[in-house]
Number of protein chains: 2
Amino acid sequence: MKLIDGNKIAQSIIESLTKEVSKINGPKPTVAFIRVGEDPASVSYVRKKQKTAENIGIQSLLKILPDSISQEELIEEIEAFNDDSNVHGILIQAPLPDHISETTIFNTVKPEKDVDGFHTLNIGKLCQEDPSGFVACTPAGIVELIKHSKIQTEGKHVVVLGRSQIVGKPAALLMIQKGLPGNATVTICHSKTQNLEVITKQADLIIAAIGRPNFVSEAMVKEGASIIDVGINRIPDSSKKSGFRLVGDVDFEAVSKKCDHITPVPGGVGPMTVAMLMQNTLNAYKNQR
Amino acid sequence: MKLIDGNKIAQSIIESLTKEVSKINGPKPTVAFIRVGEDPASVSYVRKKQKTAENIGIQSLLKILPDSISQEELIEEIEAFNDDSNVHGILIQAPLPDHISETTIFNTVKPEKDVDGFHTLNIGKLCQEDPSGFVACTPAGIVELIKHSKIQTEGKHVVVLGRSQIVGKPAALLMIQKGLPGNATVTICHSKTQNLEVITKQADLIIAAIGRPNFVSEAMVKEGASIIDVGINRIPDSSKKSGFRLVGDVDFEAVSKKCDHITPVPGGVGPMTVAMLMQNTLNAYKNQR
C-alpha cells in the first residue's frame, strides 16, 4: 500500500507556484475573497486560502459582508471586482444565506476570473474538454494526485461515488476525457445505485465523494485498487479536545490493507483544493495579462 | 422483444406540437437554418427539418452560404439572426468547412436561440441540471424514447458506448441526473475501454453511439436488456438501388432476440432528433415571448 501524501504533493505545487510568482515583475496576481456572514467553517477556509496565497506571493483581498445582504447588493460587490483590472480571480465562499441563489451568484463572476470553476460556462468548457476554462479546485486536485502518484487511468475502470456538481460529475468528466490522466471507463454511482458492491469491486480506481463516514468497506474494494477519498466527515470522538475527529468516506484502516494507492483523510484531497485554487489564480492572471 | 417505434413516437410529438402551434395568435415560432456549401447529406437534413417545421406550422428561413465564406462573414450572418426578434431559433448545419471553427460558430449563436444545444453555456446547464437550457436534439430524443417506452432507469445500470460531445456525454449526463428518466448508474465506455463485453453484459440499458456498424453483438448483451441504437452507418448492399443500406451500431437481428426493448435503424433515434429540434424551437419561442 502506498499512501498518497496530499500535503506533500500540494506543497510541491505551492513551491513551484511560489517560484513562478517570484519572477513576476510589477503587480502580482491578486485574488479577491467574498465571505458572507460569520460561519466558523467559512472563516477558517478563507483564512487558510489567504495564508497560502500570502506564502506564494499572491495578493489577496477579503470583503466580509453581513448575512443580511441582499442578492442585488452582493451582485454589485462582485461586479466591482469584475470591473477591477487589478483583481484576477474572485472566490465567493459557499455556503451563502438561503435567500441568495448560489447559481446566480457564481454566474455573476466573470468567467475569466472564476477561479472556483463554478460558472456555467466553465462547467460547459470542462464537458467540451476546452482547456481555456477553469476546472473546480477539488476535481482538479484529484487529477493532480493521480498524476503525481502515477496511477494509470487509460482503459482502466474508474468508479465515482457521488454525482455532485462540485466533485462527482466534474471528476467523472475529467476521467473520461481524451488524454492523461483520463481515457478511463467511468461509472458514476449514487444513492439510487443498485448492487453497489458488485460495481465498486470492479474498480481499478475509486473516487469516493458521498459524504458518508467510512462508507466504503473492505468488501467493496478489489485487491490492488487505488482509492481517492474526497469525504471529510466529522464523527464524535471523546478522546479529542474538539470532541470529534475527521474521517473520510472510506474505512481507511480496513481498505488500505488491500489497496495499491490510497489517500488519507485528512491530508489527502483537502490540501490539494487550496493548491489548485492558487494554480487557477495564477492562470487567470496570465490569461488577463 | 418490443420494438421502439421512433417514427411513431416522433409523430406523436409532432402532432402535439402542431396542436400547440395552431393555438398561437400572431407571429408564429420561427427557426433560421444556415447551411454552408452543398454537402448532399446537409442539403437533405436541412430539407427534412424545414419540411417538418412546415408541417407543424413553424416558420423557417434558410440562408445558403458558399463553402468559401470566411469565419468572420459567417459570424456576421449569425449575428443578424441573433438580433432579429422575429427569429426564435438558429441552427447551423454541421459539418462546416475546415477553415471555420465549429466551437466558435456554435458559441456565436445566442444561448436563448441555440435550439441545437451546442453552445457551451447550454452544455454547462445540462451538467448543472438547469432546465432553462437547451439539450442537444439526439440525446433529448433518446430520453423521450425511454420515457415513451416506459423503460425503467432509476437505480438501473445504463452503459453508454461513446464519449462524443454530441451524444455520448450528454446522454450520460441525462441518465445520471436527479429525476426520471434518470437516476441511473451510468458507465461510459469508449475506444480505450478494456474488457468491454464484461461491462456491457451488466447493462440494463445500452445506449450505443460509436459509429461502428453492427458492433454490439449478442454476446455483449444481457438477456432482457434494452437497447437504444444511435448509430447510422452506411454499408455496401448491391441489392439496393443506392448501393448501400443503413445499419446501426447494434447487430439488430441477433441482439433483438434477447432484448426487452430495442430501437431499429432506421426508424429509431433518427426521427426523434428532428422532433426534438421542433420542440426546442417552440420552447425558444415561448421563452422569448
# chains A, B, ... in the order shown; residues from 1 in each chain; ligands from 1
>>> interface_residues(of="chain B", to="chain A", cutoff="8 Å", atoms="only C-alpha atoms", output="PyMOL selection string")
chain B and resi 120-125+127-128+154-157+163+165+169+176+183-190+192-194
>>> write_last_selection(atoms="C-alpha atoms", output="compact mmCIF listing (two decimals), in the first residue's frame")
# COMPACT_ATOMS: atom_id res chain seq x y z
CA THR B 120 -21.04 25.91 -24.14
CA LEU B 121 -23.49 27.61 -21.78
CA ASN B 122 -26.24 25.14 -22.67
CA ILE B 123 -23.86 22.23 -22.18
CA GLY B 124 -22.96 23.66 -18.76
CA LYS B 125 -26.66 23.98 -17.90
CA CYS B 127 -24.40 19.37 -16.49
CA GLN B 128 -25.94 21.54 -13.76
CA GLU B 154 -33.89 4.55 -11.62
CA GLY B 155 -31.11 2.55 -9.98
CA LYS B 156 -30.58 0.63 -13.22
CA HIS B 157 -27.25 0.27 -14.93
CA ARG B 163 -17.97 9.73 -25.33
CA GLN B 165 -19.82 15.82 -27.18
CA LYS B 169 -21.53 12.65 -22.87
CA ILE B 176 -27.41 10.30 -14.03
CA ASN B 183 -31.32 8.38 -11.51
CA ALA B 184 -29.38 5.60 -13.25
CA THR B 185 -25.96 4.21 -12.50
CA VAL B 186 -24.08 5.16 -15.65
CA THR B 187 -20.96 3.70 -17.22
CA ILE B 188 -19.33 5.45 -20.15
CA CYS B 189 -17.25 3.22 -22.44
CA HIS B 190 -15.20 4.16 -25.48
CA LYS B 192 -9.92 2.77 -24.84
CA THR B 193 -12.21 0.61 -22.67
CA GLN B 194 -10.76 -2.74 -21.62
>>> residues_around(residues="range 77-86 of chain A", least_positions_apart="5", cutoff="12 Å", atoms="only C-alpha atoms", output="MDAnalysis selection string")
chainID A and resid 26:36 59:65 69:72 91:92 104:114 284:285 288:289
>>> write_last_selection(atoms="N, CA and C atoms", output="compact mmCIF listing (two decimals), in the first residue's frame")
# COMPACT_ATOMS: atom_id res chain seq x y z
N GLY A 26 6.45 43.80 -11.39
CA GLY A 26 5.24 44.63 -11.38
C GLY A 26 4.17 44.00 -10.52
N PRO A 27 2.92 44.44 -10.75
CA PRO A 27 1.82 44.00 -9.89
C PRO A 27 1.68 42.48 -9.88
N LYS A 28 1.45 41.94 -8.69
CA LYS A 28 1.36 40.49 -8.51
C LYS A 28 -0.07 40.00 -8.80
N PRO A 29 -0.23 38.69 -9.07
CA PRO A 29 -1.58 38.12 -9.20
C PRO A 29 -2.38 38.41 -7.93
N THR A 30 -3.66 38.69 -8.11
CA THR A 30 -4.50 39.07 -6.98
C THR A 30 -5.82 38.32 -7.01
N VAL A 31 -6.17 37.75 -5.88
CA VAL A 31 -7.45 37.05 -5.76
C VAL A 31 -8.29 37.77 -4.71
N ALA A 32 -9.57 37.96 -5.03
CA ALA A 32 -10.48 38.62 -4.09
C ALA A 32 -11.43 37.57 -3.51
N PHE A 33 -11.52 37.54 -2.18
CA PHE A 33 -12.45 36.64 -1.50
C PHE A 33 -13.65 37.45 -1.01
N ILE A 34 -14.81 36.86 -1.18
CA ILE A 34 -16.01 37.46 -0.58
C ILE A 34 -16.57 36.43 0.39
N ARG A 35 -16.72 36.87 1.63
CA ARG A 35 -17.30 35.98 2.64
C ARG A 35 -18.57 36.64 3.15
N VAL A 36 -19.67 35.89 3.17
CA VAL A 36 -20.94 36.43 3.65
C VAL A 36 -21.23 35.77 5.00
N GLN A 59 -1.36 38.20 -4.03
CA GLN A 59 -2.07 39.14 -3.16
C GLN A 59 -3.51 38.69 -2.97
N SER A 60 -4.07 38.96 -1.81
CA SER A 60 -5.49 38.66 -1.65
C SER A 60 -6.21 39.81 -0.96
N LEU A 61 -7.46 39.95 -1.32
CA LEU A 61 -8.36 40.93 -0.70
C LEU A 61 -9.48 40.15 -0.06
N LEU A 62 -10.01 40.65 1.02
CA LEU A 62 -11.16 39.98 1.65
C LEU A 62 -12.26 40.98 1.90
N LYS A 63 -13.41 40.71 1.34
CA LYS A 63 -14.60 41.54 1.58
C LYS A 63 -15.53 40.72 2.47
N ILE A 64 -15.80 41.20 3.65
CA ILE A 64 -16.71 40.50 4.56
C ILE A 64 -18.05 41.22 4.54
N LEU A 65 -19.10 40.50 4.24
CA LEU A 65 -20.42 41.11 4.12
C LEU A 65 -21.37 40.47 5.13
N ILE A 69 -27.22 40.76 3.79
CA ILE A 69 -27.05 41.42 2.49
C ILE A 69 -28.05 40.85 1.48
N SER A 70 -28.57 41.73 0.63
CA SER A 70 -29.50 41.25 -0.41
C SER A 70 -28.70 40.69 -1.57
N GLN A 71 -29.37 39.89 -2.38
CA GLN A 71 -28.69 39.32 -3.55
C GLN A 71 -28.20 40.43 -4.48
N GLU A 72 -29.01 41.47 -4.63
CA GLU A 72 -28.65 42.58 -5.52
C GLU A 72 -27.38 43.28 -5.03
N LEU A 91 -13.38 34.69 -5.60
CA LEU A 91 -13.96 33.50 -4.99
C LEU A 91 -15.01 33.92 -3.97
N ILE A 92 -16.21 33.43 -4.14
CA ILE A 92 -17.26 33.68 -3.15
C ILE A 92 -17.39 32.41 -2.31
N THR A 104 -26.93 31.87 -9.27
CA THR A 104 -26.91 33.25 -9.78
C THR A 104 -25.61 33.95 -9.39
N ILE A 105 -25.22 33.78 -8.15
CA ILE A 105 -24.01 34.46 -7.66
C ILE A 105 -22.76 33.93 -8.37
N PHE A 106 -22.65 32.62 -8.48
CA PHE A 106 -21.46 32.06 -9.14
C PHE A 106 -21.41 32.48 -10.62
N ASN A 107 -22.59 32.65 -11.22
CA ASN A 107 -22.61 33.07 -12.62
C ASN A 107 -22.45 34.57 -12.80
N THR A 108 -22.41 35.31 -11.69
CA THR A 108 -22.14 36.75 -11.78
C THR A 108 -20.64 37.02 -11.94
N VAL A 109 -19.84 36.12 -11.39
CA VAL A 109 -18.38 36.26 -11.54
C VAL A 109 -18.04 36.13 -13.03
N LYS A 110 -17.22 37.05 -13.53
CA LYS A 110 -16.75 36.94 -14.92
C LYS A 110 -16.09 35.59 -15.12
N PRO A 111 -16.44 34.85 -16.18
CA PRO A 111 -15.85 33.51 -16.37
C PRO A 111 -14.33 33.52 -16.31
N GLU A 112 -13.69 34.58 -16.80
CA GLU A 112 -12.22 34.60 -16.81
C GLU A 112 -11.61 34.90 -15.44
N LYS A 113 -12.48 35.26 -14.46
CA LYS A 113 -11.98 35.45 -13.09
C LYS A 113 -12.53 34.37 -12.15
N ASP A 114 -13.21 33.39 -12.72
CA ASP A 114 -13.91 32.36 -11.94
C ASP A 114 -12.94 31.25 -11.52
N ALA A 284 -5.37 32.60 -14.22
CA ALA A 284 -6.25 33.73 -14.51
C ALA A 284 -5.42 34.98 -14.76
N TYR A 285 -4.44 35.18 -13.92
CA TYR A 285 -3.53 36.33 -14.05
C TYR A 285 -2.84 36.30 -15.42
N GLN A 288 -5.04 37.13 -18.29
CA GLN A 288 -5.50 38.52 -18.33
C GLN A 288 -4.39 39.51 -18.65
N ARG A 289 -3.15 39.03 -18.66
CA ARG A 289 -2.03 39.94 -18.98
C ARG A 289 -1.84 39.99 -20.48
>>> residues_around(residues="Ile14 in chain A", least_positions_apart="2", cutoff="9 Å", atoms="only C-alpha atoms", output="list in words")
Ile9, Ala10, Gln11, Ser12, Ser16, Leu17, Thr18, Lys19, Thr52, Asn55, Ile56, Ala275, Met276, Met278 and Gln279 of chain A
>>> write_last_selection(atoms="N, CA and C atoms", output="tab-separated table (two decimals), in the first residue's frame")
chain	number	residue	atom	x	y	z
A	9	ILE	N	2.31	16.65	-1.94
A	9	ILE	CA	2.07	17.00	-3.35
A	9	ILE	C	1.60	18.45	-3.45
A	10	ALA	N	0.69	18.85	-2.56
A	10	ALA	CA	0.22	20.25	-2.55
A	10	ALA	C	1.40	21.18	-2.31
A	11	GLN	N	2.28	20.80	-1.39
A	11	GLN	CA	3.43	21.63	-1.07
A	11	GLN	C	4.33	21.80	-2.28
A	12	SER	N	4.50	20.72	-3.05
A	12	SER	CA	5.38	20.82	-4.22
A	12	SER	C	4.77	21.74	-5.28
A	16	SER	N	6.32	25.38	-6.55
A	16	SER	CA	6.56	25.74	-7.95
A	16	SER	C	5.80	27.01	-8.31
A	17	LEU	N	4.62	27.21	-7.71
A	17	LEU	CA	3.88	28.46	-7.93
A	17	LEU	C	4.66	29.64	-7.33
A	18	THR	N	5.24	29.43	-6.15
A	18	THR	CA	5.99	30.49	-5.47
A	18	THR	C	7.15	30.95	-6.35
A	19	LYS	N	7.84	29.97	-6.93
A	19	LYS	CA	8.95	30.27	-7.81
A	19	LYS	C	8.47	31.10	-9.00
A	52	THR	N	-2.24	30.75	2.38
A	52	THR	CA	-1.50	30.07	1.30
A	52	THR	C	-1.13	31.06	0.21
A	55	ASN	N	1.80	33.11	1.30
A	55	ASN	CA	3.05	32.34	1.24
A	55	ASN	C	3.60	32.28	-0.18
A	56	ILE	N	2.70	32.22	-1.16
A	56	ILE	CA	3.13	32.11	-2.56
A	56	ILE	C	3.55	33.46	-3.12
A	275	ALA	N	-4.32	24.34	-3.10
A	275	ALA	CA	-3.22	24.48	-4.07
A	275	ALA	C	-3.76	24.75	-5.47
A	276	MET	N	-4.85	24.06	-5.85
A	276	MET	CA	-5.39	24.24	-7.20
A	276	MET	C	-6.05	25.61	-7.36
A	278	MET	N	-4.88	28.26	-6.07
A	278	MET	CA	-3.74	29.15	-6.32
A	278	MET	C	-3.26	29.00	-7.77
A	279	GLN	N	-3.24	27.76	-8.22
A	279	GLN	CA	-2.88	27.49	-9.62
A	279	GLN	C	-3.85	28.20	-10.57
>>> atom_distance(atom1="CA of Ser256 in chain B", atom2="CA of Met1 in chain B")
6.6 Å
>>> select_by_dssp(residues="range 103-184 of chain A", states="strand (DSSP E or B)", output="PyMOL selection string")
chain A and resi 157-161
>>> write_last_selection(atoms="N, CA and C atoms", output="PDB file, in the first residue's frame")
ATOM      1  N   HIS A 157     -10.938   1.016 -15.164  1.00  0.00           N
ATOM      2  CA  HIS A 157     -12.309   1.274 -14.736  1.00  0.00           C
ATOM      3  C   HIS A 157     -12.294   2.166 -13.494  1.00  0.00           C
ATOM      4  N   VAL A 158     -12.752   3.390 -13.662  1.00  0.00           N
ATOM      5  CA  VAL A 158     -12.831   4.330 -12.544  1.00  0.00           C
ATOM      6  C   VAL A 158     -14.282   4.389 -12.081  1.00  0.00           C
ATOM      7  N   VAL A 159     -14.515   4.144 -10.810  1.00  0.00           N
ATOM      8  CA  VAL A 159     -15.866   4.251 -10.264  1.00  0.00           C
ATOM      9  C   VAL A 159     -15.930   5.487  -9.370  1.00  0.00           C
ATOM     10  N   VAL A 160     -16.822   6.413  -9.747  1.00  0.00           N
ATOM     11  CA  VAL A 160     -17.015   7.638  -8.973  1.00  0.00           C
ATOM     12  C   VAL A 160     -18.248   7.447  -8.102  1.00  0.00           C
ATOM     13  N   LEU A 161     -18.084   7.626  -6.802  1.00  0.00           N
ATOM     14  CA  LEU A 161     -19.231   7.524  -5.899  1.00  0.00           C
ATOM     15  C   LEU A 161     -19.694   8.942  -5.589  1.00  0.00           C
TER      16      LEU A 161
END
>>> atom_distance(atom1="CA of Asn233 in chain B", atom2="CA of Pro213 in chain B")
5.7 Å
>>> select_by_dssp(residues="range 41-156 of chain A", states="alpha helix (DSSP H)", output="number ranges by chain")
A: 41-56, 71-83, 102-106, 120-127, 137-148
>>> write_last_selection(atoms="C-alpha atoms", output="CSV table (one decimal), in the first residue's frame")
chain,number,residue,atom,x,y,z
A,41,ALA,CA,-16.0,26.9,8.8
A,42,SER,CA,-16.1,29.6,6.1
A,43,VAL,CA,-14.0,31.9,8.3
A,44,SER,CA,-11.4,29.2,8.7
A,45,TYR,CA,-11.4,28.1,5.0
A,46,VAL,CA,-11.0,31.7,3.8
A,47,ARG,CA,-8.2,32.3,6.3
A,48,LYS,CA,-6.4,29.2,5.1
A,49,LYS,CA,-6.7,30.3,1.5
A,50,GLN,CA,-5.4,33.8,2.3
A,51,LYS,CA,-2.5,32.4,4.2
A,52,THR,CA,-1.5,30.1,1.3
A,53,ALA,CA,-1.8,33.0,-1.2
A,54,GLU,CA,0.4,35.1,1.0
A,55,ASN,CA,3.1,32.3,1.2
A,56,ILE,CA,3.1,32.1,-2.6
A,71,GLN,CA,-28.7,39.3,-3.6
A,72,GLU,CA,-28.6,42.6,-5.5
A,73,GLU,CA,-26.1,44.2,-3.2
A,74,LEU,CA,-23.9,41.1,-3.3
A,75,ILE,CA,-24.1,41.2,-7.1
A,76,GLU,CA,-22.9,44.8,-7.0
A,77,GLU,CA,-19.9,43.8,-4.9
A,78,ILE,CA,-19.0,41.1,-7.3
A,79,GLU,CA,-19.4,43.5,-10.3
A,80,ALA,CA,-16.9,45.8,-8.6
A,81,PHE,CA,-14.3,43.1,-8.6
A,82,ASN,CA,-15.3,42.0,-12.1
A,83,ASP,CA,-14.5,45.6,-13.3
A,102,GLU,CA,-25.7,30.3,-5.3
A,103,THR,CA,-26.1,29.6,-9.1
A,104,THR,CA,-26.9,33.3,-9.8
A,105,ILE,CA,-24.0,34.5,-7.7
A,106,PHE,CA,-21.5,32.1,-9.1
A,120,THR,CA,-21.9,27.5,-16.0
A,121,LEU,CA,-19.6,28.4,-18.9
A,122,ASN,CA,-16.6,26.9,-17.2
A,123,ILE,CA,-18.6,23.7,-16.5
A,124,GLY,CA,-19.6,23.6,-20.2
A,125,LYS,CA,-15.9,24.0,-21.2
A,126,LEU,CA,-14.9,21.1,-18.9
A,127,CYS,CA,-17.5,19.0,-20.6
A,137,CYS,CA,-10.5,23.0,-7.4
A,138,THR,CA,-11.3,19.7,-5.8
A,139,PRO,CA,-11.7,17.6,-9.0
A,140,ALA,CA,-8.6,19.4,-10.4
A,141,GLY,CA,-6.8,18.4,-7.2
A,142,ILE,CA,-7.9,14.8,-7.7
A,143,VAL,CA,-6.4,14.7,-11.2
A,144,GLU,CA,-3.1,16.1,-9.8
A,145,LEU,CA,-3.0,13.4,-7.1
A,146,ILE,CA,-3.5,10.7,-9.7
A,147,LYS,CA,-0.8,12.3,-12.0
A,148,HIS,CA,1.8,12.6,-9.2
>>> closest_residue(among="B:Ala254, B:Ile100, B:Leu205, B:Ile232", to="Ala219 in chain B", atoms="only C-alpha atoms")
B:Ala254
>>> atom_distance(atom1="CA of Ser239 in chain A", atom2="CA of Val216 in chain A")
24.3 Å
>>> decode(residues="range 184-206 of chain A", atoms="N, CA and C atoms", output="JSON list (two decimals), in the first residue's frame")
[["chain", "number", "residue", "atom", "x", "y", "z"],
["A", 184, "ALA", "N", -10.33, 6.89, -19.23],
["A", 184, "ALA", "CA", -10.81, 5.78, -18.41],
["A", 184, "ALA", "C", -12.24, 5.41, -18.77],
["A", 185, "THR", "N", -12.61, 4.18, -18.50],
["A", 185, "THR", "CA", -14.01, 3.79, -18.47],
["A", 185, "THR", "C", -14.53, 4.26, -17.13],
["A", 186, "VAL", "N", -15.63, 5.02, -17.14],
["A", 186, "VAL", "CA", -16.08, 5.64, -15.89],
["A", 186, "VAL", "C", -17.50, 5.21, -15.55],
["A", 187, "THR", "N", -17.68, 4.78, -14.31],
["A", 187, "THR", "CA", -19.03, 4.51, -13.80],
["A", 187, "THR", "C", -19.34, 5.50, -12.68],
["A", 188, "ILE", "N", -20.51, 6.11, -12.77],
["A", 188, "ILE", "CA", -20.95, 7.05, -11.73],
["A", 188, "ILE", "C", -22.06, 6.39, -10.92],
["A", 189, "CYS", "N", -21.81, 6.22, -9.63],
["A", 189, "CYS", "CA", -22.79, 5.63, -8.72],
["A", 189, "CYS", "C", -23.28, 6.69, -7.74],
["A", 190, "HIS", "N", -24.44, 6.45, -7.15],
["A", 190, "HIS", "CA", -25.01, 7.42, -6.22],
["A", 190, "HIS", "C", -26.05, 6.72, -5.36],
["A", 191, "SER", "N", -26.82, 7.51, -4.64],
["A", 191, "SER", "CA", -27.74, 6.94, -3.64],
["A", 191, "SER", "C", -28.76, 5.98, -4.25],
["A", 192, "LYS", "N", -29.05, 6.09, -5.53],
["A", 192, "LYS", "CA", -30.05, 5.23, -6.15],
["A", 192, "LYS", "C", -29.45, 3.95, -6.74],
["A", 193, "THR", "N", -28.13, 3.86, -6.75],
["A", 193, "THR", "CA", -27.46, 2.72, -7.38],
["A", 193, "THR", "C", -27.84, 1.39, -6.70],
["A", 194, "GLN", "N", -28.19, 0.42, -7.52],
["A", 194, "GLN", "CA", -28.45, -0.93, -7.02],
["A", 194, "GLN", "C", -27.17, -1.76, -7.13],
["A", 195, "ASN", "N", -27.01, -2.73, -6.24],
["A", 195, "ASN", "CA", -25.84, -3.63, -6.28],
["A", 195, "ASN", "C", -24.52, -2.88, -6.33],
["A", 196, "LEU", "N", -24.42, -1.90, -5.45],
["A", 196, "LEU", "CA", -23.23, -1.03, -5.46],
["A", 196, "LEU", "C", -21.94, -1.83, -5.33],
["A", 197, "GLU", "N", -21.96, -2.80, -4.44],
["A", 197, "GLU", "CA", -20.73, -3.55, -4.16],
["A", 197, "GLU", "C", -20.23, -4.29, -5.41],
["A", 198, "VAL", "N", -21.16, -4.80, -6.19],
["A", 198, "VAL", "CA", -20.77, -5.51, -7.42],
["A", 198, "VAL", "C", -19.99, -4.56, -8.34],
["A", 199, "ILE", "N", -20.42, -3.32, -8.36],
["A", 199, "ILE", "CA", -19.77, -2.34, -9.24],
["A", 199, "ILE", "C", -18.43, -1.88, -8.67],
["A", 200, "THR", "N", -18.42, -1.50, -7.40],
["A", 200, "THR", "CA", -17.16, -0.98, -6.83],
["A", 200, "THR", "C", -16.06, -2.04, -6.85],
["A", 201, "LYS", "N", -16.44, -3.30, -6.75],
["A", 201, "LYS", "CA", -15.44, -4.38, -6.74],
["A", 201, "LYS", "C", -14.73, -4.53, -8.08],
["A", 202, "GLN", "N", -15.30, -3.91, -9.13],
["A", 202, "GLN", "CA", -14.67, -3.98, -10.45],
["A", 202, "GLN", "C", -13.71, -2.82, -10.67],
["A", 203, "ALA", "N", -13.73, -1.85, -9.75],
["A", 203, "ALA", "CA", -12.98, -0.61, -9.99],
["A", 203, "ALA", "C", -11.48, -0.80, -9.83],
["A", 204, "ASP", "N", -10.73, -0.22, -10.78],
["A", 204, "ASP", "CA", -9.29, -0.10, -10.61],
["A", 204, "ASP", "C", -8.98, 1.13, -9.75],
["A", 205, "LEU", "N", -9.88, 2.11, -9.84],
["A", 205, "LEU", "CA", -9.72, 3.35, -9.07],
["A", 205, "LEU", "C", -11.10, 3.79, -8.59],
["A", 206, "ILE", "N", -11.22, 4.04, -7.29],
["A", 206, "ILE", "CA", -12.48, 4.55, -6.74],
["A", 206, "ILE", "C", -12.27, 5.99, -6.29]]
